[in-house]
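What follows is a short report on a single structure.
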Amino acid sequence: MLITRINKYFIYIFIALLVLTAPTAAKADTIVGGVELDWPLKNQEEREKAINYYKELLFNREMVYEIPKEQFKPFKKDPHFLENREALKKGELVLPERELGAFYVMKKMLVIYGVKYNNDKYHIYYYDALGRLAYYDVLDKPFDEFPHIAKQYDSSGRLVGFSYYISDYDQYIFEDKQNFKGRWYGEKLYDKRAKSTMTRKLP
């Protein structure tokens with residue numbers, strides 16, 4: 001039984017790697033408002049130019065590399081874990097007091113989910129599949145005003161990344177060392193070579 005489980009585990013990992021490294025078709029997607037994703041259609045030089053532009057916007061500012069854990073202590077565990085888990089299973093992302101976002105590998109494997117509270121528009125909480133806080137976003141503007149910038153901290157309060165929100169559907173993501181992590185557009189995260197590496201579901 002143990003050998004069977006181990007074999008299945010490595011099979012899943014192998015399939016995941018195949019999916020994550022497979023090239024995507026070079027075509028533009030369209031989302032709300034008719035805006036098109038041109039990322040796969042740009043050449044590498046054009047993508048690098050865009051990356052450097054947003055990197056300059058994000059990192060040419062004063063940095064706060066660590067925040068006190070007490071700032072997010074009440075949310076170290078998702079206070080609505082059971083309710084949120086059921087809502088995610090049903091695909092219900094808009095709840096009376098909050099909105100959810102789900103992030104997947106292979107389109108089915110939930111790796112993390114986000115919670116935005118209607119009465120706190122300057123923070124976003126990200127939890128693992130067991131409801132434990134993984135990341136905590138601090139925004140420079142309310143999350144429904146664009147563009148805005150999000151600084152992301154891990155559960156120990158250490159800065160781990162930045163996001164530039166063009167809209168709810170379009171974001172440039174960087175690690176704290178200024179490495180480009182990807183561009184979210186709609187339901188897909190694209191790397192600098194326009195390969196899709198992760199999917200998400202938004203309200």
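Lettering and numbering for the structure tokens are positional, with chains as A, B, ... in the shown order, residues counted from 1 in each chain, and ligands counted from 1 in the shown order.
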Query raised in the report: Using the chain letters and numbers from this document, which residues of region 76-161 of chain A does DSSP assign to strand (DSSP E), as an NGL selection string?
Result: :A and (98-105 or 109-117 or 120-127 or 133-139 or 148-154 or 159-161)
Alpha helix (DSSP H) positions in chain A, given as a PDB file with N, CA and C atoms, in the first residue's frame:
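This went into states_37.pdb:
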ATOM      1  N   LEU A   2       1.930   1.277   0.831  1.00  0.00           N
ATOM      2  CA  LEU A   2       2.805   2.433   0.904  1.00  0.00           C
ATOM      3  C   LEU A   2       3.496   2.670  -0.427  1.00  0.00           C
ATOM      4  N   ILE A   3       3.982   1.571  -1.052  1.00  0.00           N
ATOM      5  CA  ILE A   3       4.659   1.706  -2.347  1.00  0.00           C
ATOM      6  C   ILE A   3       3.704   2.267  -3.387  1.00  0.00           C
ATOM      7  N   THR A   4       2.462   1.790  -3.363  1.00  0.00           N
ATOM      8  CA  THR A   4       1.467   2.276  -4.314  1.00  0.00           C
ATOM      9  C   THR A   4       1.232   3.766  -4.139  1.00  0.00           C
ATOM     10  N   ARG A   5       1.134   4.208  -2.883  1.00  0.00           N
ATOM     11  CA  ARG A   5       0.915   5.632  -2.621  1.00  0.00           C
ATOM     12  C   ARG A   5       2.095   6.463  -3.094  1.00  0.00           C
ATOM     13  N   ILE A   6       3.313   5.967  -2.842  1.00  0.00           N
ATOM     14  CA  ILE A   6       4.508   6.693  -3.269  1.00  0.00           C
ATOM     15  C   ILE A   6       4.555   6.791  -4.785  1.00  0.00           C
ATOM     16  N   ASN A   7       4.242   5.674  -5.466  1.00  0.00           N
ATOM     17  CA  ASN A   7       4.239   5.686  -6.926  1.00  0.00           C
ATOM     18  C   ASN A   7       3.229   6.689  -7.461  1.00  0.00           C
ATOM     19  N   LYS A   8       2.035   6.706  -6.860  1.00  0.00           N
ATOM     20  CA  LYS A   8       1.011   7.653  -7.295  1.00  0.00           C
ATOM     21  C   LYS A   8       1.483   9.083  -7.087  1.00  0.00           C
ATOM     22  N   TYR A   9       2.159   9.310  -5.960  1.00  0.00           N
ATOM     23  CA  TYR A   9       2.650  10.661  -5.659  1.00  0.00           C
ATOM     24  C   TYR A   9       3.606  11.144  -6.742  1.00  0.00           C
ATOM     25  N   PHE A  10       4.570  10.285  -7.122  1.00  0.00           N
ATOM     26  CA  PHE A  10       5.537  10.691  -8.139  1.00  0.00           C
ATOM     27  C   PHE A  10       4.893  10.826  -9.515  1.00  0.00           C
ATOM     28  N   ILE A  11       3.871  10.032  -9.772  1.00  0.00           N
ATOM     29  CA  ILE A  11       3.150  10.175 -11.040  1.00  0.00           C
ATOM     30  C   ILE A  11       2.476  11.533 -11.107  1.00  0.00           C
ATOM     31  N   TYR A  12       1.831  11.952  -9.994  1.00  0.00           N
ATOM     32  CA  TYR A  12       1.170  13.258  -9.958  1.00  0.00           C
ATOM     33  C   TYR A  12       2.180  14.382 -10.160  1.00  0.00           C
ATOM     34  N   ILE A  13       3.343  14.267  -9.492  1.00  0.00           N
ATOM     35  CA  ILE A  13       4.369  15.296  -9.631  1.00  0.00           C
ATOM     36  C   ILE A  13       4.866  15.366 -11.066  1.00  0.00           C
ATOM     37  N   PHE A  14       5.074  14.185 -11.681  1.00  0.00           N
ATOM     38  CA  PHE A  14       5.556  14.145 -13.062  1.00  0.00           C
ATOM     39  C   PHE A  14       4.558  14.795 -14.008  1.00  0.00           C
ATOM     40  N   ILE A  15       3.276  14.491 -13.826  1.00  0.00           N
ATOM     41  CA  ILE A  15       2.241  15.091 -14.671  1.00  0.00           C
ATOM     42  C   ILE A  15       2.204  16.597 -14.472  1.00  0.00           C
ATOM     43  N   ALA A  16       2.322  17.035 -13.206  1.00  0.00           N
ATOM     44  CA  ALA A  16       2.301  18.473 -12.915  1.00  0.00           C
ATOM     45  C   ALA A  16       3.444  19.187 -13.613  1.00  0.00           C
ATOM     46  N   LEU A  17       4.640  18.568 -13.589  1.00  0.00           N
ATOM     47  CA  LEU A  17       5.789  19.187 -14.250  1.00  0.00           C
ATOM     48  C   LEU A  17       5.585  19.280 -15.752  1.00  0.00           C
ATOM     49  N   LEU A  18       4.984  18.246 -16.338  1.00  0.00           N
ATOM     50  CA  LEU A  18       4.707  18.290 -17.770  1.00  0.00           C
ATOM     51  C   LEU A  18       3.768  19.432 -18.111  1.00  0.00           C
ATOM     52  N   VAL A  19       2.737  19.597 -17.280  1.00  0.00           N
ATOM     53  CA  VAL A  19       1.756  20.654 -17.535  1.00  0.00           C
ATOM     54  C   VAL A  19       2.387  22.026 -17.366  1.00  0.00           C
ATOM     55  N   LEU A  20       3.186  22.186 -16.300  1.00  0.00           N
ATOM     56  CA  LEU A  20       3.756  23.493 -16.003  1.00  0.00           C
ATOM     57  C   LEU A  20       4.813  23.909 -17.004  1.00  0.00           C
ATOM     58  N   THR A  21       5.473  22.946 -17.653  1.00  0.00           N
ATOM     59  CA  THR A  21       6.528  23.298 -18.599  1.00  0.00           C
ATOM     60  C   THR A  21       6.067  23.261 -20.044  1.00  0.00           C
ATOM     61  N   GLN A  44      10.210  38.604 -27.038  1.00  0.00           N
ATOM     62  CA  GLN A  44      10.839  38.597 -25.722  1.00  0.00           C
ATOM     63  C   GLN A  44      11.352  39.973 -25.318  1.00  0.00           C
ATOM     64  N   GLU A  45      11.853  40.721 -26.264  1.00  0.00           N
ATOM     65  CA  GLU A  45      12.353  42.064 -25.964  1.00  0.00           C
ATOM     66  C   GLU A  45      11.227  42.970 -25.461  1.00  0.00           C
ATOM     67  N   GLU A  46      10.061  42.862 -26.068  1.00  0.00           N
ATOM     68  CA  GLU A  46       8.916  43.675 -25.647  1.00  0.00           C
ATOM     69  C   GLU A  46       8.440  43.274 -24.253  1.00  0.00           C
ATOM     70  N   ARG A  47       8.450  41.971 -23.973  1.00  0.00           N
ATOM     71  CA  ARG A  47       8.040  41.525 -22.641  1.00  0.00           C
ATOM     72  C   ARG A  47       9.026  42.003 -21.576  1.00  0.00           C
ATOM     73  N   GLU A  48      10.311  41.927 -21.882  1.00  0.00           N
ATOM     74  CA  GLU A  48      11.327  42.389 -20.932  1.00  0.00           C
ATOM     75  C   GLU A  48      11.179  43.894 -20.672  1.00  0.00           C
ATOM     76  N   LYS A  49      10.836  44.640 -21.693  1.00  0.00           N
ATOM     77  CA  LYS A  49      10.642  46.087 -21.540  1.00  0.00           C
ATOM     78  C   LYS A  49       9.476  46.371 -20.595  1.00  0.00           C
ATOM     79  N   ALA A  50       8.382  45.626 -20.749  1.00  0.00           N
ATOM     80  CA  ALA A  50       7.223  45.798 -19.868  1.00  0.00           C
ATOM     81  C   ALA A  50       7.573  45.399 -18.435  1.00  0.00           C
ATOM     82  N   ILE A  51       8.302  44.300 -18.283  1.00  0.00           N
ATOM     83  CA  ILE A  51       8.710  43.842 -16.955  1.00  0.00           C
ATOM     84  C   ILE A  51       9.545  44.909 -16.254  1.00  0.00           C
ATOM     85  N   ASN A  52      10.505  45.480 -16.961  1.00  0.00           N
ATOM     86  CA  ASN A  52      11.374  46.501 -16.369  1.00  0.00           C
ATOM     87  C   ASN A  52      10.594  47.766 -16.014  1.00  0.00           C
ATOM     88  N   TYR A  53       9.595  48.086 -16.820  1.00  0.00           N
ATOM     89  CA  TYR A  53       8.773  49.270 -16.545  1.00  0.00           C
ATOM     90  C   TYR A  53       8.038  49.114 -15.208  1.00  0.00           C
ATOM     91  N   TYR A  54       7.388  47.965 -15.009  1.00  0.00           N
ATOM     92  CA  TYR A  54       6.634  47.758 -13.773  1.00  0.00           C
ATOM     93  C   TYR A  54       7.556  47.500 -12.583  1.00  0.00           C
ATOM     94  N   LYS A  55       8.711  46.925 -12.832  1.00  0.00           N
ATOM     95  CA  LYS A  55       9.691  46.758 -11.759  1.00  0.00           C
ATOM     96  C   LYS A  55      10.111  48.118 -11.212  1.00  0.00           C
ATOM     97  N   GLU A  56      10.334  49.069 -12.111  1.00  0.00           N
ATOM     98  CA  GLU A  56      10.723  50.414 -11.700  1.00  0.00           C
ATOM     99  C   GLU A  56       9.616  51.064 -10.878  1.00  0.00           C
ATOM    100  N   LEU A  57       8.370  50.887 -11.288  1.00  0.00           N
ATOM    101  CA  LEU A  57       7.248  51.458 -10.545  1.00  0.00           C
ATOM    102  C   LEU A  57       7.153  50.878  -9.135  1.00  0.00           C
ATOM    103  N   LEU A  58       7.430  49.584  -9.006  1.00  0.00           N
ATOM    104  CA  LEU A  58       7.262  48.910  -7.724  1.00  0.00           C
ATOM    105  C   LEU A  58       8.422  49.136  -6.761  1.00  0.00           C
ATOM    106  N   PHE A  59       9.635  49.110  -7.272  1.00  0.00           N
ATOM    107  CA  PHE A  59      10.787  49.078  -6.378  1.00  0.00           C
ATOM    108  C   PHE A  59      11.467  50.430  -6.193  1.00  0.00           C
ATOM    109  N   PHE A  81     -13.015  29.124   7.977  1.00  0.00           N
ATOM    110  CA  PHE A  81     -12.440  28.063   7.154  1.00  0.00           C
ATOM    111  C   PHE A  81     -13.486  27.092   6.610  1.00  0.00           C
ATOM    112  N   LEU A  82     -14.325  26.541   7.470  1.00  0.00           N
ATOM    113  CA  LEU A  82     -15.289  25.538   7.022  1.00  0.00           C
ATOM    114  C   LEU A  82     -16.273  26.126   6.013  1.00  0.00           C
ATOM    115  N   GLU A  83     -16.742  27.326   6.299  1.00  0.00           N
ATOM    116  CA  GLU A  83     -17.686  27.975   5.384  1.00  0.00           C
ATOM    117  C   GLU A  83     -17.018  28.302   4.052  1.00  0.00           C
ATOM    118  N   ASN A  84     -15.792  28.805   4.118  1.00  0.00           N
ATOM    119  CA  ASN A  84     -15.073  29.138   2.886  1.00  0.00           C
ATOM    120  C   ASN A  84     -14.747  27.893   2.072  1.00  0.00           C
ATOM    121  N   ARG A  85     -14.387  26.816   2.754  1.00  0.00           N
ATOM    122  CA  ARG A  85     -14.069  25.571   2.047  1.00  0.00           C
ATOM    123  C   ARG A  85     -15.283  25.053   1.285  1.00  0.00           C
ATOM    124  N   GLU A  86     -16.441  25.089   1.926  1.00  0.00           N
ATOM    125  CA  GLU A  86     -17.657  24.635   1.255  1.00  0.00           C
ATOM    126  C   GLU A  86     -18.011  25.543   0.082  1.00  0.00           C
ATOM    127  N   ALA A  87     -17.832  26.846   0.278  1.00  0.00           N
ATOM    128  CA  ALA A  87     -18.131  27.796  -0.797  1.00  0.00           C
ATOM    129  C   ALA A  87     -17.218  27.556  -1.997  1.00  0.00           C
ATOM    130  N   LEU A  88     -15.936  27.290  -1.743  1.00  0.00           N
ATOM    131  CA  LEU A  88     -14.998  27.028  -2.835  1.00  0.00           C
ATOM    132  C   LEU A  88     -15.369  25.754  -3.586  1.00  0.00           C
ATOM    133  N   LYS A  89     -15.791  24.736  -2.857  1.00  0.00           N
ATOM    134  CA  LYS A  89     -16.199  23.489  -3.504  1.00  0.00           C
ATOM    135  C   LYS A  89     -17.380  23.711  -4.440  1.00  0.00           C
ATOM    136  N   LYS A  90     -18.270  24.616  -4.040  1.00  0.00           N
ATOM    137  CA  LYS A  90     -19.462  24.898  -4.839  1.00  0.00           C
ATOM    138  C   LYS A  90     -19.211  25.961  -5.903  1.00  0.00           C
TER     139      LYS A  90
END
Please produce, as a Markdown table, a per-residue contact table for region 58-116 of chain A versus region 137-150 of chain A (criterion: any atom at most 12 Å away, only C-alpha atoms considered), showing the nearest atom pair and its distance in Å to one decimal, sorted by chain then residue number.
| residue | atom | partner | partner_atom | distance |
| --- | --- | --- | --- | --- |
| A:Leu58 | CA | A:Ile149 | CA | 7.5 |
| A:Phe59 | CA | A:Ile149 | CA | 10.7 |
| A:Arg61 | CA | A:Ile149 | CA | 11.3 |
| A:Val64 | CA | A:Val138 | CA | 10.7 |
| A:Glu66 | CA | A:Val138 | CA | 11.7 |
| A:Ile67 | CA | A:Val138 | CA | 10.2 |
| A:Gln71 | CA | A:Val138 | CA | 10.7 |
| A:Phe72 | CA | A:Asp137 | CA | 10.2 |
| A:Glu99 | CA | A:Phe143 | CA | 11.4 |
| A:Gly114 | CA | A:Asp137 | CA | 9.9 |
| A:Val115 | CA | A:Asp137 | CA | 10.4 |
| A:Lys116 | CA | A:Phe143 | CA | 8.5 |
Report summary line: Gln171 (chain A) proximity check over A:Glu70, A:Leu37, A:Asn118, A:His123, using only C-alpha atoms: winner is A:Leu37
Query raised in the report: Near Lys201 (chain A), counting only C-alpha atoms, which residues have an atom at most 8 Å away, once you skip same-chain residues fewer than 3 positions from it, shown as a list in words?
Result: Gly101, Ala102, Phe103 and Glu187 of chain A
Query - Shell of 8 Å around Glu175 (chain A), only C-alpha atoms, local chain residues under 6 positions omitted, as a ChimeraX atom specification - result: /A:160-162,181
Write a file of the selected residues as a PDB file, in the first residue's frame, keeping N, CA and C atoms.
ATOM      1  N   VAL A 160       7.917  39.263   0.963  1.00  0.00           N
ATOM      2  CA  VAL A 160       8.285  38.237  -0.018  1.00  0.00           C
ATOM      3  C   VAL A 160       7.952  38.637  -1.452  1.00  0.00           C
ATOM      4  N   GLY A 161       7.195  39.723  -1.646  1.00  0.00           N
ATOM      5  CA  GLY A 161       6.878  40.084  -3.019  1.00  0.00           C
ATOM      6  C   GLY A 161       6.032  41.334  -3.149  1.00  0.00           C
ATOM      7  N   PHE A 162       5.880  41.762  -4.415  1.00  0.00           N
ATOM      8  CA  PHE A 162       5.080  42.930  -4.767  1.00  0.00           C
ATOM      9  C   PHE A 162       4.174  42.582  -5.940  1.00  0.00           C
ATOM     10  N   LYS A 181       7.974  37.245 -11.288  1.00  0.00           N
ATOM     11  CA  LYS A 181       7.332  35.959 -11.026  1.00  0.00           C
ATOM     12  C   LYS A 181       6.292  35.620 -12.085  1.00  0.00           C
TER      13      LYS A 181
END
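For the residues A:Phe75, A:Trp39, A:Phe174, A:Tyr190, ranking by smallest atom-to-atom distance to Arg132 (chain A) using only C-alpha atoms places A:Phe75 first.
Our summary of the geometry notes that CA of Thr199 (chain A) is positioned 6.5 Å from CA of Val105 (chain A).
The residue that comes closest to Met63 (chain A), out of A:Glu97, A:Tyr135, A:Glu92, A:Lys177 and on the basis of only C-alpha atoms, is A:Lys177.
The gap separating CA of Lys195 (chain A) from CA of Ala134 (chain A) is 24.9 Å, in Å to one decimal.
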